[in-house]
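So this one's my_file_24.txt, compact mmCIF, C-alpha atoms and all ligand atoms:
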# COMPACT_ATOMS: atom_id res chain seq x y z
CA MET A 25 28.74 19.10 83.94
CA PHE A 26 28.71 15.32 83.56
CA LYS A 27 27.84 12.36 85.75
CA GLY A 28 30.41 10.12 87.41
CA ILE A 29 31.23 8.01 90.44
CA ILE A 30 33.49 9.90 92.81
CA ILE A 31 35.41 8.62 95.84
CA ASN A 32 36.37 10.96 98.68
CA ASN A 33 38.31 10.31 101.87
CA LEU A 34 37.86 13.50 103.88
CA ASP A 35 38.99 13.07 107.52
CA ASN A 36 39.42 9.33 106.81
CA ASP A 37 35.70 9.05 106.03
CA TYR A 38 35.73 6.90 102.85
CA GLU A 39 32.71 7.83 100.75
CA THR A 40 31.68 6.85 97.20
CA LYS A 41 28.87 8.74 95.46
CA LEU A 42 27.32 9.31 92.05
CA GLU A 43 27.69 13.04 91.42
CA ASN A 44 27.53 15.77 88.81
CA ILE A 45 31.10 16.72 88.06
CA ASN A 46 32.38 19.92 86.51
CA GLU A 47 34.42 19.34 83.34
CA LYS A 48 36.98 21.89 84.51
CA ASP A 49 37.82 19.61 87.47
CA LEU A 50 39.03 16.80 85.18
CA PRO A 51 42.75 16.08 85.57
CA GLU A 52 45.36 17.09 83.02
CA GLY A 53 45.66 15.22 79.74
CA ASP A 54 45.77 15.95 76.04
CA VAL A 55 42.65 13.98 75.07
CA LEU A 56 39.08 14.40 76.35
CA VAL A 57 37.07 11.20 75.81
CA LYS A 58 33.32 10.65 75.80
CA VAL A 59 33.08 7.31 77.60
CA TYR A 60 30.55 4.87 76.13
CA TYR A 61 31.30 1.78 78.21
CA SER A 62 33.37 0.93 81.27
CA THR A 63 33.34 -2.14 83.54
CA ILE A 64 33.52 -3.15 87.18
CA ASN A 65 36.69 -5.19 87.63
CA TYR A 66 37.59 -6.70 91.02
CA LYS A 67 40.10 -3.87 91.46
CA ASP A 68 37.34 -1.28 90.80
CA ALA A 69 35.07 -2.96 93.33
CA LEU A 70 37.87 -2.79 95.92
CA ALA A 71 38.31 0.91 95.14
CA ILE A 72 34.58 1.71 95.23
CA THR A 73 33.98 -0.11 98.53
CA GLY A 74 37.31 0.96 100.08
CA LYS A 75 38.09 -2.69 100.93
CA ALA A 76 41.70 -2.29 99.79
CA PRO A 77 43.93 0.76 99.30
CA ILE A 78 43.62 0.87 95.49
CA VAL A 79 43.00 4.64 95.31
CA ARG A 80 46.22 6.63 95.74
CA LYS A 81 44.79 10.12 95.39
CA PHE A 82 41.45 11.71 96.42
CA PRO A 83 38.97 12.67 95.10
CA MET A 84 39.08 9.85 92.53
CA ILE A 85 36.85 8.59 89.75
CA PRO A 86 37.32 4.78 89.69
CA GLY A 87 37.31 2.61 86.55
CA ILE A 88 40.54 1.00 85.28
CA ASP A 89 39.26 0.53 81.74
CA PHE A 90 36.94 2.22 79.26
CA ALA A 91 36.01 2.55 75.59
CA GLY A 92 34.86 5.82 74.06
CA SER A 93 35.38 8.45 71.40
CA VAL A 94 37.58 11.53 71.31
CA LEU A 95 35.70 14.77 72.09
CA GLU A 96 38.63 17.21 72.20
CA THR A 97 42.36 16.96 71.60
CA ASN A 98 45.36 19.07 70.71
CA ASN A 99 47.40 15.97 69.80
CA LYS A 100 47.99 15.71 66.05
CA ASN A 101 47.81 11.91 66.17
CA PHE A 102 44.15 11.99 67.20
CA ASN A 103 41.00 13.39 65.58
CA ILE A 104 37.64 14.22 67.09
CA GLY A 105 35.46 11.12 66.88
CA ASP A 106 38.35 8.61 66.97
CA LYS A 107 37.28 5.46 68.81
CA VAL A 108 39.67 4.45 71.59
CA ILE A 109 40.25 1.92 74.40
CA LEU A 110 42.12 2.40 77.65
CA ASN A 111 43.32 -0.32 80.05
CA GLY A 112 45.41 0.36 83.14
CA TRP A 113 48.18 2.97 83.33
CA GLY A 114 47.05 3.73 86.91
CA VAL A 115 43.74 5.15 85.66
CA GLY A 116 41.09 4.73 88.38
CA GLU A 117 43.92 4.55 90.94
CA LYS A 118 46.11 7.66 90.49
CA HIS A 119 44.32 9.39 87.59
CA TRP A 120 40.53 9.81 87.18
CA GLY A 121 39.08 6.75 85.44
CA GLY A 122 36.28 5.39 83.30
CA LEU A 123 33.23 5.27 85.59
CA ALA A 124 32.06 8.69 84.41
CA GLU A 125 30.59 10.12 81.22
CA LYS A 126 33.88 11.87 80.39
CA ALA A 127 37.58 11.21 81.00
CA ARG A 128 40.63 13.34 80.29
CA VAL A 129 43.77 11.23 79.83
CA LYS A 130 47.21 11.16 78.23
CA SER A 131 47.12 10.25 74.56
CA ASP A 132 49.96 7.73 75.14
CA TRP A 133 47.56 5.62 77.19
CA LEU A 134 45.01 5.21 74.40
CA ILE A 135 44.93 2.64 71.66
CA PRO A 136 42.53 2.59 68.71
CA LEU A 137 39.41 0.46 69.00
CA PRO A 138 39.91 -2.31 66.41
CA GLN A 139 37.82 -1.60 63.30
CA ASN A 140 35.41 -4.50 63.59
CA MET A 141 34.84 -4.11 67.35
CA THR A 142 32.08 -2.19 69.17
CA PHE A 143 32.54 -0.25 72.42
CA LYS A 144 30.32 -2.79 74.15
CA GLN A 145 32.28 -5.77 72.80
CA ALA A 146 35.56 -4.18 73.92
CA MET A 147 34.39 -3.68 77.48
CA SER A 148 32.70 -7.08 77.61
CA ILE A 149 36.17 -8.50 76.98
CA GLY A 150 37.66 -5.86 79.29
CA THR A 151 40.89 -6.11 81.23
CA ALA A 152 40.30 -9.83 81.94
CA GLY A 153 40.18 -10.79 78.25
CA TYR A 154 43.01 -8.46 77.36
CA THR A 155 45.21 -9.97 80.11
CA ALA A 156 44.38 -13.50 78.92
CA MET A 157 45.34 -12.48 75.37
CA LEU A 158 48.67 -11.04 76.56
CA ALA A 159 49.34 -14.38 78.28
CA VAL A 160 48.55 -16.40 75.15
CA LEU A 161 50.74 -14.11 73.01
CA ALA A 162 53.58 -14.70 75.47
CA LEU A 163 53.23 -18.47 74.99
CA GLN A 164 53.24 -18.06 71.22
CA LYS A 165 56.39 -15.91 71.37
CA GLU A 166 58.07 -18.80 73.22
CA ASN A 167 57.06 -21.12 70.35
CA ILE A 168 54.50 -23.00 72.41
CA ILE A 169 52.25 -24.14 69.58
CA PRO A 170 49.18 -26.44 69.62
CA ASP A 171 51.38 -29.45 68.77
CA SER A 172 53.65 -28.75 71.75
CA GLY A 173 51.24 -30.40 74.22
CA LYS A 174 48.54 -29.66 76.77
CA ILE A 175 48.08 -26.22 78.34
CA LEU A 176 46.76 -25.83 81.89
CA VAL A 177 44.58 -22.84 82.84
CA THR A 178 43.96 -22.24 86.57
CA GLY A 179 41.18 -20.08 88.04
CA ALA A 180 39.21 -21.42 85.10
CA SER A 181 35.78 -19.99 85.98
CA GLY A 182 37.17 -16.50 86.54
CA GLY A 183 37.47 -13.67 84.03
CA VAL A 184 41.08 -14.21 83.00
CA GLY A 185 40.75 -18.02 83.14
CA SER A 186 37.55 -18.16 81.05
CA PHE A 187 39.00 -15.96 78.32
CA ALA A 188 42.30 -17.88 78.37
CA ILE A 189 40.48 -21.20 77.82
CA ASN A 190 38.37 -19.77 75.03
CA ILE A 191 41.25 -18.09 73.20
CA LEU A 192 43.56 -21.12 73.50
CA SER A 193 40.83 -23.46 72.30
CA LYS A 194 40.04 -21.26 69.29
CA LEU A 195 43.73 -21.29 68.39
CA GLY A 196 43.71 -25.10 68.44
CA TYR A 197 45.39 -25.79 71.80
CA ASP A 198 44.45 -28.77 73.99
CA VAL A 199 43.30 -27.11 77.24
CA ILE A 200 43.07 -28.51 80.78
CA ALA A 201 40.94 -26.31 83.08
CA SER A 202 41.53 -26.30 86.84
CA THR A 203 38.55 -25.18 88.90
CA GLY A 204 37.16 -25.31 92.42
CA ARG A 205 33.66 -25.31 90.95
CA LEU A 206 33.32 -28.69 89.24
CA GLU A 207 29.62 -27.87 88.79
CA ASN A 208 30.85 -25.39 86.14
CA SER A 209 32.20 -28.25 84.00
CA ASN A 210 29.62 -27.75 81.23
CA TYR A 211 30.44 -24.03 81.08
CA LEU A 212 34.18 -24.76 80.89
CA THR A 213 33.71 -27.44 78.23
CA ALA A 214 31.59 -25.03 76.19
CA LEU A 215 34.41 -22.49 76.43
CA GLY A 216 36.77 -25.06 74.95
CA ALA A 217 38.34 -27.07 77.80
CA ASN A 218 39.07 -30.70 76.89
CA GLU A 219 39.80 -31.84 80.45
CA ILE A 220 38.75 -30.50 83.85
CA ILE A 221 40.65 -31.01 87.09
CA ASP A 222 39.82 -30.12 90.69
CA ARG A 223 41.86 -27.14 91.88
CA ASN A 224 42.32 -28.85 95.28
CA THR A 225 44.78 -31.24 93.61
CA LEU A 226 47.11 -28.26 93.07
CA SER A 227 46.44 -25.95 96.00
CA GLU A 228 48.41 -27.58 98.85
CA LYS A 229 52.20 -27.62 99.24
CA GLY A 230 53.65 -30.27 96.87
CA LYS A 231 57.01 -31.78 95.92
CA PRO A 232 59.83 -29.84 94.19
CA LEU A 233 59.31 -31.92 91.03
CA MET A 234 56.22 -33.90 90.10
CA LYS A 235 55.00 -35.94 87.12
CA GLU A 236 55.15 -33.87 83.89
CA ARG A 237 51.52 -33.10 83.01
CA TRP A 238 51.45 -30.06 80.70
CA VAL A 239 53.85 -28.17 78.49
CA ALA A 240 52.61 -24.76 79.57
CA ALA A 241 50.21 -23.06 81.95
CA ILE A 242 48.41 -19.75 82.47
CA ASP A 243 48.02 -19.23 86.21
CA SER A 244 45.88 -16.57 87.91
CA LEU A 245 46.24 -17.97 91.43
CA GLY A 246 49.86 -17.71 92.64
CA GLY A 247 50.72 -19.38 95.99
CA SER A 248 51.20 -23.15 96.26
CA THR A 249 49.20 -23.62 93.05
CA LEU A 250 51.79 -21.74 91.03
CA ALA A 251 54.61 -23.75 92.68
CA ASN A 252 52.85 -27.06 91.88
CA VAL A 253 52.06 -25.93 88.34
CA CYS A 254 55.79 -25.26 87.75
CA ALA A 255 56.72 -28.61 89.35
CA SER A 256 54.38 -30.43 86.92
CA THR A 257 55.43 -28.62 83.73
CA SER A 258 57.28 -30.75 81.22
CA TYR A 259 60.88 -30.25 80.13
CA GLY A 260 61.47 -26.88 78.42
CA GLY A 261 57.91 -25.69 79.09
CA MET A 262 56.60 -22.31 80.17
CA VAL A 263 54.40 -21.03 82.99
CA ILE A 264 52.71 -17.64 82.82
CA ALA A 265 51.98 -15.95 86.17
CA CYS A 266 49.28 -13.33 85.90
CA GLY A 267 47.38 -13.27 89.18
CA LEU A 268 47.20 -13.96 92.90
CA ALA A 269 43.62 -15.13 93.48
CA GLN A 270 44.95 -17.81 95.89
CA ALA A 271 47.97 -16.04 97.38
CA MET A 272 50.72 -13.49 96.79
CA ASP A 273 53.56 -15.80 97.88
CA PHE A 274 55.39 -18.32 95.70
CA PRO A 275 56.57 -21.21 97.91
CA ALA A 276 58.59 -23.03 95.21
CA THR A 277 62.06 -24.54 94.68
CA VAL A 278 64.46 -23.95 91.79
CA ALA A 279 64.15 -27.61 90.71
CA PRO A 280 61.76 -27.09 87.74
CA PHE A 281 64.00 -24.30 86.44
CA ILE A 282 67.41 -25.95 86.77
CA LEU A 283 66.42 -29.58 86.15
CA ARG A 284 63.68 -29.14 83.52
CA GLY A 285 64.66 -25.78 82.05
CA ILE A 286 61.17 -24.35 82.39
CA THR A 287 60.52 -20.62 82.03
CA LEU A 288 58.35 -18.58 84.40
CA LYS A 289 57.03 -15.44 82.73
CA GLY A 290 55.03 -12.64 84.34
CA ILE A 291 52.24 -10.71 82.63
CA ASP A 292 51.37 -7.16 83.62
CA SER A 293 48.44 -5.57 81.83
CA VAL A 294 48.74 -2.15 83.51
CA MET A 295 52.06 -0.97 82.04
CA ALA A 296 52.28 -3.29 79.00
CA SER A 297 53.79 -1.60 75.94
CA HIS A 298 51.67 0.17 73.34
CA ALA A 299 52.69 -2.34 70.64
CA PHE A 300 51.86 -5.37 72.80
CA ARG A 301 48.42 -3.86 73.61
CA ILE A 302 47.59 -3.20 69.98
CA GLU A 303 48.66 -6.71 69.03
CA ALA A 304 46.45 -8.17 71.80
CA TRP A 305 43.33 -6.11 70.96
CA ASN A 306 43.61 -6.77 67.22
CA LYS A 307 43.87 -10.48 67.90
CA LEU A 308 40.88 -10.32 70.30
CA SER A 309 38.79 -8.61 67.63
CA GLN A 310 39.47 -11.52 65.28
CA LEU A 311 38.84 -14.24 67.86
CA ILE A 312 35.92 -13.11 70.02
CA LYS A 313 32.60 -12.13 68.48
CA GLU A 314 30.10 -9.90 70.27
CA ASN A 315 27.22 -12.42 70.24
CA GLU A 316 29.32 -15.04 72.08
CA LEU A 317 29.81 -12.61 74.94
CA ALA A 318 26.12 -11.89 75.58
CA PRO A 319 25.47 -14.78 78.02
CA MET A 320 28.24 -13.69 80.38
CA ILE A 321 27.45 -9.96 80.44
CA GLU A 322 25.24 -7.89 82.72
CA GLU A 323 24.82 -4.32 81.50
CA ILE A 324 24.08 -1.66 84.12
CA SER A 325 23.97 2.14 84.37
CA LEU A 326 26.01 4.43 86.62
CA ASN A 327 23.09 4.41 89.12
CA ASP A 328 23.76 0.74 89.97
CA VAL A 329 27.57 0.79 90.11
CA ILE A 330 27.96 1.14 93.90
CA ILE A 331 25.52 -1.63 94.78
CA LYS A 332 26.99 -3.99 92.16
CA ALA A 333 30.53 -3.31 93.39
CA ASN A 334 29.44 -4.33 96.90
CA ASN A 335 27.86 -7.52 95.52
CA LEU A 336 31.01 -8.31 93.56
CA ILE A 337 33.13 -8.07 96.71
CA LYS A 338 30.69 -10.44 98.47
CA GLY A 339 31.16 -12.95 95.60
CA ASN A 340 27.51 -12.62 94.52
CA ILE A 341 28.19 -11.86 90.85
CA THR A 342 28.55 -14.33 87.98
CA GLY A 343 30.09 -13.15 84.73
CA ARG A 344 31.17 -9.61 83.91
CA ILE A 345 29.48 -6.31 84.66
CA ILE A 346 29.68 -3.63 82.01
CA VAL A 347 28.55 -0.07 82.60
CA LYS A 348 26.85 1.92 79.82
CA LEU A 349 27.61 5.62 80.13
CA ASN A 350 26.51 7.38 76.95
P1 LIG B 1 38.09 -13.66 89.11
O1 LIG B 1 37.71 -13.33 90.52
O2 LIG B 1 37.10 -13.47 88.01
O3 LIG B 1 38.59 -15.19 89.00
C1 LIG B 1 39.50 -15.80 89.85
C2 LIG B 1 39.24 -17.30 89.85
O4 LIG B 1 40.22 -17.92 90.64
C3 LIG B 1 37.90 -17.69 90.49
O5 LIG B 1 36.85 -17.67 89.57
C4 LIG B 1 38.19 -19.08 90.99
O6 LIG B 1 38.09 -19.98 89.88
C5 LIG B 1 39.67 -19.01 91.37
N1 LIG B 1 39.87 -18.72 92.80
C6 LIG B 1 39.34 -17.70 93.51
N2 LIG B 1 39.78 -17.73 94.78
C7 LIG B 1 40.61 -18.80 94.88
C8 LIG B 1 41.37 -19.39 95.95
N3 LIG B 1 41.37 -18.86 97.18
N4 LIG B 1 42.09 -20.49 95.69
C9 LIG B 1 42.12 -21.02 94.45
N5 LIG B 1 41.40 -20.53 93.40
C10 LIG B 1 40.67 -19.44 93.61
O7 LIG B 1 39.41 -12.83 88.82
P2 LIG B 1 40.09 -12.50 87.42
O8 LIG B 1 40.06 -13.70 86.55
O9 LIG B 1 39.57 -11.23 86.90
O10 LIG B 1 41.59 -12.24 87.91
C11 LIG B 1 42.38 -13.34 88.33
C12 LIG B 1 43.64 -12.82 88.98
O11 LIG B 1 44.39 -12.12 87.99
C13 LIG B 1 43.42 -11.83 90.12
O12 LIG B 1 44.38 -12.08 91.12
C14 LIG B 1 43.64 -10.48 89.48
O13 LIG B 1 44.08 -9.53 90.43
C15 LIG B 1 44.72 -10.83 88.47
N6 LIG B 1 44.79 -9.92 87.34
C16 LIG B 1 46.02 -9.56 86.92
C17 LIG B 1 46.20 -8.76 85.85
C18 LIG B 1 47.58 -8.44 85.40
O14 LIG B 1 47.78 -7.40 84.78
N7 LIG B 1 48.52 -9.31 85.68
C19 LIG B 1 45.04 -8.19 85.12
C20 LIG B 1 43.77 -8.71 85.55
C21 LIG B 1 43.66 -9.53 86.67
P3 LIG B 1 37.41 -21.41 90.03
O15 LIG B 1 36.11 -21.18 90.73
O16 LIG B 1 37.26 -21.91 88.64
O17 LIG B 1 38.34 -22.25 90.84
For the file at hand, write its structure as structure tokens.
Amino acid sequence: MFKGIIINNLDNDYETKLENINEKDLPEGDVLVKVYYSTINYKDALAITGKAPIVRKFPMIPGIDFAGSVLETNNKNFNIGDKVILNGWGVGEKHWGGLAEKARVKSDWLIPLPQNMTFKQAMSIGTAGYTAMLAVLALQKENIIPDSGKILVTGASGGVGSFAINILSKLGYDVIASTGRLENSNYLTALGANEIIDRNTLSEKGKPLMKERWVAAIDSLGGSTLANVCASTSYGGMVIACGLAQAMDFPATVAPFILRGITLKGIDSVMASHAFRIEAWNKLSQLIKENELAPMIEEISLNDVIIKANNLIKGNITGRIIVKLN
């Protein structure tokens, strides 16, 4: 038996509990992992509270990411004790996830924990940092280099935004941070932002083309912000869309694409290729040290997961919540 959070929906009665779970009930998979750390992402909080239909199959153990070590496997590419990370692949949605002491998953979903990284460091970075890294790698692949010009990051105080600012700054880029919380300016400057703008200047419907202000952008908001970000990107630039914190729609025109030749690129962390994941995590291990993460982390146990998920949905949480399991 092992402990885990379990979500049931019997007779449409959505219920999330901490329970003792029998190992034989774990879903199919060729690797059994002892989970050391998981996190509570916004998506996990939605699943735990039932505020959005994230869970596709019941009963479900939530937790879209985890770090742990291999306990059992019949896959010749893995050995007992191997340290691994998992992000996405529908885990915590369609397949039992990381908010439990054990997880059984497909070996294809696992990547090795980088050598100089701890389980705690990996989950402190979590899916937010990994998504930000995928976005920065996409800019680099398009030859957007520090000399190319300024890079805008929207949703700056959020998980993806904060990591994007920090990574870009460490790589030598000149970063503009867009935030609705100007009182966070010191925090954003400490992360590496050189300029801070009010997100209200981008959030309302704008013109098809506006003054060229940045060569590239990493946007976690979608909606009118994404349209305005594209309309203000300079000739030949690139915009990365990775979230919808403002809105799902994209009320834009083709003008920035056909008159300025800009590229709009999407980032998906859930189904990203194995090679792209390994590249991102190895780069993160070089760029982000564990002691820098301490101020933004709250470590909790499984006992506090349900209450913290409710607080996260209410917007009462600052920073990232990591869950220690073993
Ligand atoms: P957070 O909630 O941590 O941050 C979102 C930030 O966006 C907030 O801190 C706030 O920044 C800003 N914001 C929030 N609401 C609004 C609004 N209504 N209008 C304008 N700005 C707003 O989320 P994450 O950083 O973890 O995720 C950001 C987005 O990326 C989400 O939509 C998430 O679903 C998505 N995501 C996508 C992934 C992928 O694979 N593509 C992976 C991970 C996340 P500020 O206060 O500074 O303005």
Of the listed residues A:Ile85, A:Met320, A:Met295, A:Ala240, that which approaches Leu176 in chain A most closely, counting all atoms listed in the file |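 The answer is A:Ala240, which sits nearest to Leu176 in chain A.
Using only C-alpha atoms and all ligand atoms, we find that the residues with an atom at most 6 Å from any atom of ligand LIG 1 (chain B) are Thr151, Ala152, Thr155, Gly179, Ala180, Ser181, Gly182, Gly183, Val184, Gly185, Thr203, Gly204, Arg205, Ser244, Leu245, Cys266, Gly267, Leu268, Ala269, Gln270, Ile291, Asp292, Ser293 and Val294 of chain A.
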Between A:Gly74, A:Lys58, A:Ile104, A:Thr142, which is the closest to Ile312 in chain A once you count all atoms listed in the file?
->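 Between A:Gly74, A:Lys58, A:Ile104, A:Thr142, the residue approaching Ile312 in chain A most closely is A:Thr142.
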From the list A:Ile264, A:Ile45, A:Ile242, A:Met147, which residue is nearest Ala124 in chain A when using only C-alpha atoms?
-> A:Ile45
In terms of the shortest atom-to-atom distance over all atoms listed in the file, which of A:Met157, A:Asn33, A:Val55, A:Leu123 is closest to Lys100 in chain A?
->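 Selected residue with least distance to Lys100 in chain A: A:Val55.
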Mind giving me the straight-line distance from CA of Glu323 in chain A to CA of Ala69 in chain A in Å, one decimal?
-> 15.7 Å
I'd like the neighbourhood of Lys126 in chain A as a JSON list (two decimals) with C-alpha atoms, in the coordinates of the input, where a residue qualifies if any of its atoms comes within 9 Å (using all atoms listed in the file), though same-chain residues fewer than 3 positions away should be ignored.
[["chain", "number", "residue", "atom", "x", "y", "z"],
["A", 26, "PHE", "CA", 28.71, 15.32, 83.56],
["A", 27, "LYS", "CA", 27.84, 12.36, 85.75],
["A", 28, "GLY", "CA", 30.41, 10.12, 87.41],
["A", 47, "GLU", "CA", 34.42, 19.34, 83.34],
["A", 50, "LEU", "CA", 39.03, 16.80, 85.18],
["A", 56, "LEU", "CA", 39.08, 14.40, 76.35],
["A", 57, "VAL", "CA", 37.07, 11.20, 75.81],
["A", 58, "LYS", "CA", 33.32, 10.65, 75.80],
["A", 59, "VAL", "CA", 33.08, 7.31, 77.60],
["A", 60, "TYR", "CA", 30.55, 4.87, 76.13],
["A", 92, "GLY", "CA", 34.86, 5.82, 74.06],
["A", 95, "LEU", "CA", 35.70, 14.77, 72.09],
["A", 121, "GLY", "CA", 39.08, 6.75, 85.44],
["A", 122, "GLY", "CA", 36.28, 5.39, 83.30],
["A", 123, "LEU", "CA", 33.23, 5.27, 85.59],
["A", 349, "LEU", "CA", 27.61, 5.62, 80.13]]
Which is closest to Pro136 in chain A among A:Asn46, A:Thr178, A:Ser93, A:Ser193, if we use only C-alpha atoms?
->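 Between A:Asn46, A:Thr178, A:Ser93, A:Ser193, the residue approaching Pro136 in chain A most closely is A:Ser93.
Comparing A:Leu283, A:Ile72, A:Val129, A:Leu137 by their smallest distance to Ile330 in chain A, the closest is A:Ile72 (using all atoms listed in the file).
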re CA of Gly173 in chain A and CA of Phe274 in chain A: distance 25.0 Å
Could you please determine the separation between CA of Ser297 in chain A and CA of Leu336 in chain A in Å, to one decimal place?
->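 A separation of 29.6 Å between them.
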